[in-house]
Amino acid sequence: MSILVIGGGGYVGSLLVKKLVEKRINVLVLDLFIYAPPEEVFSGFYESEFLQVIKGDMRDIDLVENLVSKSDNIIHLACISNDPSFELNPDLGKSINFDSFYPLVKVCKKKIDKFIYASSSSVYGIKDENNVTEDLSLEPLTDYSKYKAKCEDILLNESGNNFCTTILRPATVCGYSQRTRLDVIVNILTNHAYNKRKIIINGGSQKRPNIHIQDMVNAYLEILNQQNEFVNEEIFNIGFENYTLDEIGELVKEKIGDDIVIDHQETNDNRSYHISSNKIRKQLGFLPQFSIEKAIEDLKQAFEKKLLYNSFEDPKYFNIKMMQKINLQ
């Protein structure tokens with residue numbers, strides 16, 4: 001088996017690639033590597049015979065077609081991730097997140113067995129239902145989430161018996177990887193708690209679904225290992241803990257230290273998100289093995305081991321800061 005991971009140099013991708021290589025699966029990685037060079041992202045296994053790294057742009061359809069010809073399955077993670085980064089340059093976001101998607105799918109349809117797409121739980125918008133399940137209508141609120149929803153439609157329209165497609169709608173990922181992001185909620189609060197002994201919570205009652213990065217990676221591996229008939233044209237939410245911001249803050253304080261000061265500030269952003277992940281549990285038997293507490297502990301250990309240097313200023317930890325720095329076009 002050979003797997004092409006588009007966006008394999010990112011937060012989730014770097015850990016996913018590591019796990020695939022450890023399983024002695026041939027992995028091709030296509031990524032711009034704007035946050036760190038591949039030697040750093042894949043430190044410890046960069047020289048593996050099972051890893052081939054291509055620094056390039058997924059909008060280069062000739063390059064993509066060449067890589068697809070060498071692959072059996074694709075996991076598509078690449079995008080301008082999160083609303084602020086997308087809004088920094090909407091034309092760039094659209095060209096990467098949406099315009100390049102249909103050409104990619106058309107190329108893959110000729111050759112690829114499984115195509116796994118990383119969508120987002122933000123496609124639901126704000127729902128009043130207690131359990132936000134995969135069959136509810138999509139009401140995306142931002143261009144980032146709107147284009148995620150549009151890509152889902154494209155993929156499902158192109159799927160078929162010989163082209164197995166699966167869509168995952170992840171919650172916010174948390175925890176440590178070799179390309180850690182410190183601009184997602186659990187990681188933000190842990191960074192501030194450990195290094196400044198103070199966290200600021202805007203509001204507090206809003207819910208935010210989260211998933212440990214190890215569970216996110218395991219979800220991709222689960223889909224790869226499943227027979228096509230069980231995952232073809234399926235959509236799965238991946239996000240097992242729907243805590244409020246206040247609850248996340250208390251978990252951080254519990255794991256980092258009783259001296260942590262929690263400061264509440266008023267906010268106009270009262271968006272509250274929550275999703276149900278019962279479907280993947282019932283249909284595939286997939287259960288989380290890690291918790292938000294474990295993510296906080298992992299980050300704490302990374303700080304203690306000096307693995308996250310200059311964690312407030314270095315743009316490699318913050319998507320929007322890096323986008324501003326490099327002015328990607």
# chains A, B, ... in the order shown; residues from 1 in each chain; ligands from 1

call {"tool": "residues_around", "arguments": {"residues": "region 202-204 of chain A", "least_positions_apart": "4", "cutoff": "12 Å", "atoms": "only C-alpha atoms", "output": "list in words"}}
result
Ile185, Leu189, Arg208, Tyr243, Thr244, Leu245, Asp246, Glu247, Ile248, Gly249, Glu250, Ile262, Asp263, His264, Gln265, Glu266, Thr267, Asn268, Asp269, Asn270, Arg271 and Ser272 of chain A

call {"tool": "residues_around", "arguments": {"residues": "Lys316 (chain A)", "least_positions_apart": "3", "cutoff": "9 Å", "atoms": "only C-alpha atoms", "output": "list of chain:residue names"}}
result
A:Ile34, A:Tyr35, A:Ala36, A:Arg179, A:Thr180, A:Arg181, A:Glu313, A:Asn319, A:Lys321, A:Met322

call {"tool": "select_by_dssp", "arguments": {"residues": "region 51-117 of chain A", "states": "strand (DSSP E or B)", "output": "PyMOL selection string"}}
result
chain A and resi 51-55+73-76+114-117

call {"tool": "residues_around", "arguments": {"residues": "Lys23 (chain A)", "least_positions_apart": "4", "cutoff": "12 Å", "atoms": "only C-alpha atoms", "output": "list in words"}}
result
Met1, Ser2, Leu16, Val17, Lys18, Lys19, Val27, Ser48, Phe50, Leu51 and Leu221 of chain A

call {"tool": "write_last_selection", "arguments": {"atoms": "N, CA and C atoms", "output": "PDB file, in the first residue's frame"}}
result
ATOM      1  N   MET A   1       0.837  -1.197   0.000  1.00  0.00           N
ATOM      2  CA  MET A   1       0.000   0.000   0.000  1.00  0.00           C
ATOM      3  C   MET A   1       0.872   1.247   0.000  1.00  0.00           C
ATOM      4  N   SER A   2       0.478   2.223  -0.799  1.00  0.00           N
ATOM      5  CA  SER A   2       1.164   3.514  -0.828  1.00  0.00           C
ATOM      6  C   SER A   2       0.136   4.608  -0.609  1.00  0.00           C
ATOM      7  N   LEU A  16       0.435  11.898  11.845  1.00  0.00           N
ATOM      8  CA  LEU A  16      -0.137  10.838  11.022  1.00  0.00           C
ATOM      9  C   LEU A  16       0.936  10.156  10.178  1.00  0.00           C
ATOM     10  N   VAL A  17       1.790  10.953   9.553  1.00  0.00           N
ATOM     11  CA  VAL A  17       2.864  10.394   8.731  1.00  0.00           C
ATOM     12  C   VAL A  17       3.788   9.537   9.590  1.00  0.00           C
ATOM     13  N   LYS A  18       4.106  10.002  10.779  1.00  0.00           N
ATOM     14  CA  LYS A  18       4.950   9.233  11.690  1.00  0.00           C
ATOM     15  C   LYS A  18       4.344   7.859  11.980  1.00  0.00           C
ATOM     16  N   LYS A  19       3.054   7.839  12.261  1.00  0.00           N
ATOM     17  CA  LYS A  19       2.380   6.577  12.576  1.00  0.00           C
ATOM     18  C   LYS A  19       2.353   5.642  11.370  1.00  0.00           C
ATOM     19  N   VAL A  27       4.762   6.068   2.339  1.00  0.00           N
ATOM     20  CA  VAL A  27       4.060   7.339   2.436  1.00  0.00           C
ATOM     21  C   VAL A  27       4.731   8.376   1.543  1.00  0.00           C
ATOM     22  N   SER A  48      13.737   7.509   6.613  1.00  0.00           N
ATOM     23  CA  SER A  48      13.099   6.207   6.479  1.00  0.00           C
ATOM     24  C   SER A  48      12.880   5.823   5.015  1.00  0.00           C
ATOM     25  N   PHE A  50      10.494   4.282   3.997  1.00  0.00           N
ATOM     26  CA  PHE A  50       9.057   4.300   3.746  1.00  0.00           C
ATOM     27  C   PHE A  50       8.509   5.711   3.539  1.00  0.00           C
ATOM     28  N   LEU A  51       9.382   6.703   3.579  1.00  0.00           N
ATOM     29  CA  LEU A  51       8.943   8.094   3.472  1.00  0.00           C
ATOM     30  C   LEU A  51       9.560   8.774   2.255  1.00  0.00           C
ATOM     31  N   LEU A 221      -6.408   6.362  10.500  1.00  0.00           N
ATOM     32  CA  LEU A 221      -5.921   4.991  10.364  1.00  0.00           C
ATOM     33  C   LEU A 221      -7.083   4.003  10.353  1.00  0.00           C
TER      34      LEU A 221
END

call {"tool": "closest_residue", "arguments": {"among": "A:Ser14, A:Ser276, A:Asn161, A:Asn26", "to": "Pro209 (chain A)", "atoms": "only C-alpha atoms"}}
result
A:Ser276

call {"tool": "select_by_dssp", "arguments": {"residues": "region 127-264 of chain A", "states": "alpha helix (DSSP H)", "output": "PyMOL selection string"}}
result
chain A and resi 143-158+185-196+213-225+228-231+245-256

call {"tool": "closest_residue", "arguments": {"among": "A:Phe312, A:Phe318, A:Tyr273, A:Phe42", "to": "Asp128 (chain A)", "atoms": "only C-alpha atoms"}}
result
A:Tyr273

call {"tool": "residues_around", "arguments": {"residues": "region 55-72 of chain A", "least_positions_apart": "3", "cutoff": "8 Å", "atoms": "only C-alpha atoms", "output": "list of chain:residue names"}}
result
A:Met1, A:Ser2, A:Ile3, A:Leu4, A:Ile6, A:Leu28, A:Leu30, A:Asp31, A:Leu32, A:Phe33, A:Ser95, A:Ile96, A:Ser100, A:Pro103, A:Leu104, A:Val107, A:Cys108, A:Lys111, A:Ile112, A:Asp113, A:Lys114

call {"tool": "write_last_selection", "arguments": {"atoms": "N, CA and C atoms", "output": "PDB file, in the first residue's frame"}}
result
ATOM      1  N   MET A   1       0.837  -1.197   0.000  1.00  0.00           N
ATOM      2  CA  MET A   1       0.000   0.000   0.000  1.00  0.00           C
ATOM      3  C   MET A   1       0.872   1.247   0.000  1.00  0.00           C
ATOM      4  N   SER A   2       0.478   2.223  -0.799  1.00  0.00           N
ATOM      5  CA  SER A   2       1.164   3.514  -0.828  1.00  0.00           C
ATOM      6  C   SER A   2       0.136   4.608  -0.609  1.00  0.00           C
ATOM      7  N   ILE A   3       0.447   5.524   0.309  1.00  0.00           N
ATOM      8  CA  ILE A   3      -0.506   6.567   0.683  1.00  0.00           C
ATOM      9  C   ILE A   3       0.094   7.934   0.424  1.00  0.00           C
ATOM     10  N   LEU A   4      -0.655   8.773  -0.273  1.00  0.00           N
ATOM     11  CA  LEU A   4      -0.278  10.167  -0.477  1.00  0.00           C
ATOM     12  C   LEU A   4      -0.997  11.007   0.574  1.00  0.00           C
ATOM     13  N   ILE A   6      -1.589  14.674   1.496  1.00  0.00           N
ATOM     14  CA  ILE A   6      -1.477  16.065   1.066  1.00  0.00           C
ATOM     15  C   ILE A   6      -1.677  16.947   2.291  1.00  0.00           C
ATOM     16  N   LEU A  28       3.932   9.038   0.714  1.00  0.00           N
ATOM     17  CA  LEU A  28       4.369  10.217  -0.027  1.00  0.00           C
ATOM     18  C   LEU A  28       3.723  11.421   0.637  1.00  0.00           C
ATOM     19  N   LEU A  30       3.058  15.504   0.297  1.00  0.00           N
ATOM     20  CA  LEU A  30       3.100  16.744  -0.476  1.00  0.00           C
ATOM     21  C   LEU A  30       2.709  17.887   0.441  1.00  0.00           C
ATOM     22  N   ASP A  31       3.609  18.848   0.575  1.00  0.00           N
ATOM     23  CA  ASP A  31       3.365  19.965   1.483  1.00  0.00           C
ATOM     24  C   ASP A  31       4.278  21.118   1.091  1.00  0.00           C
ATOM     25  N   LEU A  32       3.836  22.327   1.394  1.00  0.00           N
ATOM     26  CA  LEU A  32       4.679  23.510   1.173  1.00  0.00           C
ATOM     27  C   LEU A  32       5.738  23.664   2.261  1.00  0.00           C
ATOM     28  N   PHE A  33       5.518  23.051   3.415  1.00  0.00           N
ATOM     29  CA  PHE A  33       6.429  23.122   4.552  1.00  0.00           C
ATOM     30  C   PHE A  33       6.775  24.574   4.899  1.00  0.00           C
ATOM     31  N   SER A  95      -8.351  29.584  -3.545  1.00  0.00           N
ATOM     32  CA  SER A  95      -7.579  28.852  -4.550  1.00  0.00           C
ATOM     33  C   SER A  95      -7.039  27.539  -4.010  1.00  0.00           C
ATOM     34  N   ILE A  96      -6.666  27.523  -2.729  1.00  0.00           N
ATOM     35  CA  ILE A  96      -6.117  26.306  -2.128  1.00  0.00           C
ATOM     36  C   ILE A  96      -7.225  25.394  -1.615  1.00  0.00           C
ATOM     37  N   SER A 100      -8.680  24.203  -6.192  1.00  0.00           N
ATOM     38  CA  SER A 100      -7.802  23.081  -6.525  1.00  0.00           C
ATOM     39  C   SER A 100      -8.449  21.729  -6.245  1.00  0.00           C
ATOM     40  N   PRO A 103     -10.146  19.571  -9.547  1.00  0.00           N
ATOM     41  CA  PRO A 103      -9.107  18.954 -10.382  1.00  0.00           C
ATOM     42  C   PRO A 103      -8.403  17.785  -9.684  1.00  0.00           C
ATOM     43  N   LEU A 104      -8.162  17.929  -8.377  1.00  0.00           N
ATOM     44  CA  LEU A 104      -7.538  16.848  -7.623  1.00  0.00           C
ATOM     45  C   LEU A 104      -8.428  15.609  -7.617  1.00  0.00           C
ATOM     46  N   VAL A 107      -8.485  13.749 -10.962  1.00  0.00           N
ATOM     47  CA  VAL A 107      -7.255  12.967 -11.167  1.00  0.00           C
ATOM     48  C   VAL A 107      -7.294  11.700 -10.318  1.00  0.00           C
ATOM     49  N   CYS A 108      -7.725  11.829  -9.088  1.00  0.00           N
ATOM     50  CA  CYS A 108      -7.737  10.689  -8.170  1.00  0.00           C
ATOM     51  C   CYS A 108      -8.744   9.623  -8.590  1.00  0.00           C
ATOM     52  N   LYS A 111      -7.507   6.554 -10.454  1.00  0.00           N
ATOM     53  CA  LYS A 111      -6.465   5.677  -9.933  1.00  0.00           C
ATOM     54  C   LYS A 111      -6.646   5.280  -8.473  1.00  0.00           C
ATOM     55  N   ILE A 112      -7.180   6.179  -7.660  1.00  0.00           N
ATOM     56  CA  ILE A 112      -7.147   6.014  -6.206  1.00  0.00           C
ATOM     57  C   ILE A 112      -8.273   5.111  -5.706  1.00  0.00           C
ATOM     58  N   ASP A 113      -7.959   4.268  -4.737  1.00  0.00           N
ATOM     59  CA  ASP A 113      -8.952   3.403  -4.110  1.00  0.00           C
ATOM     60  C   ASP A 113      -9.746   4.179  -3.061  1.00  0.00           C
ATOM     61  N   LYS A 114      -9.040   4.698  -2.043  1.00  0.00           N
ATOM     62  CA  LYS A 114      -9.694   5.454  -0.976  1.00  0.00           C
ATOM     63  C   LYS A 114      -9.247   6.907  -0.997  1.00  0.00           C
TER      64      LYS A 114
END

call {"tool": "closest_residue", "arguments": {"among": "A:Val173, A:Ala118, A:Val184, A:Cys164", "to": "Gln227 (chain A)", "atoms": "only C-alpha atoms"}}
result
A:Cys164

call {"tool": "residues_around", "arguments": {"residues": "Asn191 (chain A)", "least_positions_apart": "2", "cutoff": "12 Å", "atoms": "only C-alpha atoms", "output": "NGL selection string"}}
result
:A and (174-176 or 180-189 or 193-200 or 249 or 252-253 or 256 or 260 or 295-304 or 308-313 or 317)

call {"tool": "atom_distance", "arguments": {"atom1": "CA of Asn327 (chain A)", "atom2": "CA of Ser120 (chain A)"}}
result
24.7 Å

call {"tool": "residues_around", "arguments": {"residues": "region 130-133 of chain A", "least_positions_apart": "4", "cutoff": "12 Å", "atoms": "only C-alpha atoms", "output": "short mmCIF file (atom, residue, chain, number, x, y, z; two decimals) with N, CA and C atoms, in the first residue's frame"}}
result
data_model
loop_
_atom_site.label_atom_id
_atom_site.label_comp_id
_atom_site.auth_asym_id
_atom_site.auth_seq_id
_atom_site.Cartn_x
_atom_site.Cartn_y
_atom_site.Cartn_z
N SER A 121 -15.97 20.39 11.54
CA SER A 121 -17.26 20.43 12.22
C SER A 121 -17.88 21.83 12.16
N SER A 122 -17.10 22.81 11.71
CA SER A 122 -17.65 24.17 11.59
C SER A 122 -18.67 24.28 10.47
N VAL A 123 -18.78 23.27 9.60
CA VAL A 123 -19.76 23.33 8.51
C VAL A 123 -21.20 23.36 9.03
N TYR A 124 -21.41 22.92 10.28
CA TYR A 124 -22.77 22.91 10.83
C TYR A 124 -23.25 24.31 11.19
N GLY A 125 -22.34 25.23 11.41
CA GLY A 125 -22.74 26.52 11.96
C GLY A 125 -23.14 26.34 13.41
N ILE A 126 -24.07 27.16 13.87
CA ILE A 126 -24.53 27.07 15.26
C ILE A 126 -25.87 26.33 15.29
N SER A 137 -28.66 19.61 8.64
CA SER A 137 -28.33 20.53 7.54
C SER A 137 -27.06 21.31 7.87
N LEU A 138 -26.35 21.68 6.82
CA LEU A 138 -25.13 22.47 6.99
C LEU A 138 -25.47 23.95 6.85
N ARG A 169 -15.33 15.08 9.80
CA ARG A 169 -15.57 16.44 10.29
C ARG A 169 -14.99 16.56 11.69
N ALA A 171 -13.49 17.92 15.25
CA ALA A 171 -13.56 19.01 16.21
C ALA A 171 -12.20 19.69 16.24
N LYS A 207 -19.58 26.32 24.32
CA LYS A 207 -19.01 24.98 24.19
C LYS A 207 -18.06 24.91 23.01
N PRO A 209 -16.07 21.72 21.01
CA PRO A 209 -15.71 20.31 20.90
C PRO A 209 -14.22 20.17 20.60
N ILE A 235 -19.88 10.02 6.12
CA ILE A 235 -19.40 11.22 6.80
C ILE A 235 -19.40 10.93 8.30
N PHE A 236 -18.28 11.24 8.96
CA PHE A 236 -18.18 10.97 10.39
C PHE A 236 -17.70 12.21 11.14
N ASN A 237 -18.43 12.58 12.18
CA ASN A 237 -17.92 13.56 13.14
C ASN A 237 -16.82 12.92 13.97
N ILE A 238 -15.79 13.69 14.28
CA ILE A 238 -14.71 13.22 15.15
C ILE A 238 -14.47 14.28 16.21
N GLY A 239 -15.10 14.12 17.35
CA GLY A 239 -14.91 15.08 18.43
C GLY A 239 -15.67 14.63 19.66
N PHE A 240 -14.99 14.11 20.63
CA PHE A 240 -15.65 13.34 21.67
C PHE A 240 -15.92 14.12 22.96
N ASN A 242 -17.23 17.71 24.49
CA ASN A 242 -17.84 19.01 24.28
C ASN A 242 -17.85 19.79 25.59
N SER A 272 -21.43 28.87 20.17
CA SER A 272 -21.25 27.66 20.97
C SER A 272 -21.43 26.45 20.06
N TYR A 273 -20.41 25.61 20.00
CA TYR A 273 -20.42 24.46 19.10
C TYR A 273 -20.40 23.17 19.89
N HIS A 274 -21.10 22.18 19.40
CA HIS A 274 -21.07 20.86 20.01
C HIS A 274 -21.45 19.84 18.95
N ILE A 275 -20.79 18.71 18.95
CA ILE A 275 -21.08 17.68 17.95
C ILE A 275 -21.17 16.32 18.62
N SER A 276 -21.91 15.44 17.97
CA SER A 276 -22.03 14.06 18.42
C SER A 276 -21.13 13.17 17.56
N SER A 277 -20.40 12.28 18.20
CA SER A 277 -19.55 11.32 17.48
C SER A 277 -20.05 9.89 17.66
N ASN A 278 -21.35 9.77 17.90
CA ASN A 278 -21.92 8.43 18.11
C ASN A 278 -21.87 7.56 16.86
N LYS A 279 -21.96 8.18 15.69
CA LYS A 279 -22.04 7.40 14.45
C LYS A 279 -20.79 6.56 14.24
N ILE A 280 -19.61 7.16 14.37
CA ILE A 280 -18.39 6.40 14.12
C ILE A 280 -18.20 5.33 15.19
#

call {"tool": "closest_residue", "arguments": {"among": "A:Ala78, A:Ile54, A:Val105, A:Leu20", "to": "Glu158 (chain A)", "atoms": "only C-alpha atoms"}}
result
A:Val105

call {"tool": "closest_residue", "arguments": {"among": "A:Ser119, A:Ser145, A:Gln178, A:Gln226", "to": "Pro84 (chain A)", "atoms": "only C-alpha atoms"}}
result
A:Ser145

call {"tool": "residues_around", "arguments": {"residues": "Asp153 (chain A)", "least_positions_apart": "4", "cutoff": "12 Å", "atoms": "only C-alpha atoms", "output": "list of chain:residue names"}}
result
A:Phe98, A:Phe101, A:Tyr102, A:Val105, A:Tyr117, A:Ser119, A:Val123, A:Leu138, A:Lys146, A:Tyr147, A:Lys148, A:Ala149, A:Asn157, A:Glu158, A:Ser159, A:Thr165, A:Thr166, A:Ile167, A:Glu233, A:Ile235

call {"tool": "write_last_selection", "arguments": {"atoms": "C-alpha atoms", "output": "compact mmCIF listing (two decimals), in the first residue's frame"}}
result
# COMPACT_ATOMS: atom_id res chain seq x y z
CA PHE A 98 -11.68 25.06 -3.10
CA PHE A 101 -10.16 20.46 -5.10
CA TYR A 102 -12.18 19.39 -8.14
CA VAL A 105 -10.62 14.65 -7.28
CA TYR A 117 -11.06 14.23 3.19
CA SER A 119 -13.55 18.68 6.41
CA VAL A 123 -19.76 23.33 8.51
CA LEU A 138 -25.13 22.47 6.99
CA LYS A 146 -18.55 27.25 3.27
CA TYR A 147 -15.78 25.98 1.01
CA LYS A 148 -15.32 22.92 3.21
CA ALA A 149 -19.01 22.14 2.66
CA ASN A 157 -20.85 13.57 -6.32
CA GLU A 158 -17.70 11.98 -7.77
CA SER A 159 -17.62 8.90 -5.56
CA THR A 165 -14.67 8.47 -0.46
CA THR A 166 -14.93 9.25 3.24
CA ILE A 167 -15.37 12.64 4.89
CA GLU A 233 -19.69 7.87 0.88
CA ILE A 235 -19.40 11.22 6.80

call {"tool": "atom_distance", "arguments": {"atom1": "CA of Phe86 (chain A)", "atom2": "CA of Pro288 (chain A)"}}
result
29.7 Å

call {"tool": "closest_residue", "arguments": {"among": "A:Gln329, A:Gln206, A:Thr142, A:Thr190", "to": "Asn89 (chain A)", "atoms": "only C-alpha atoms"}}
result
A:Gln329
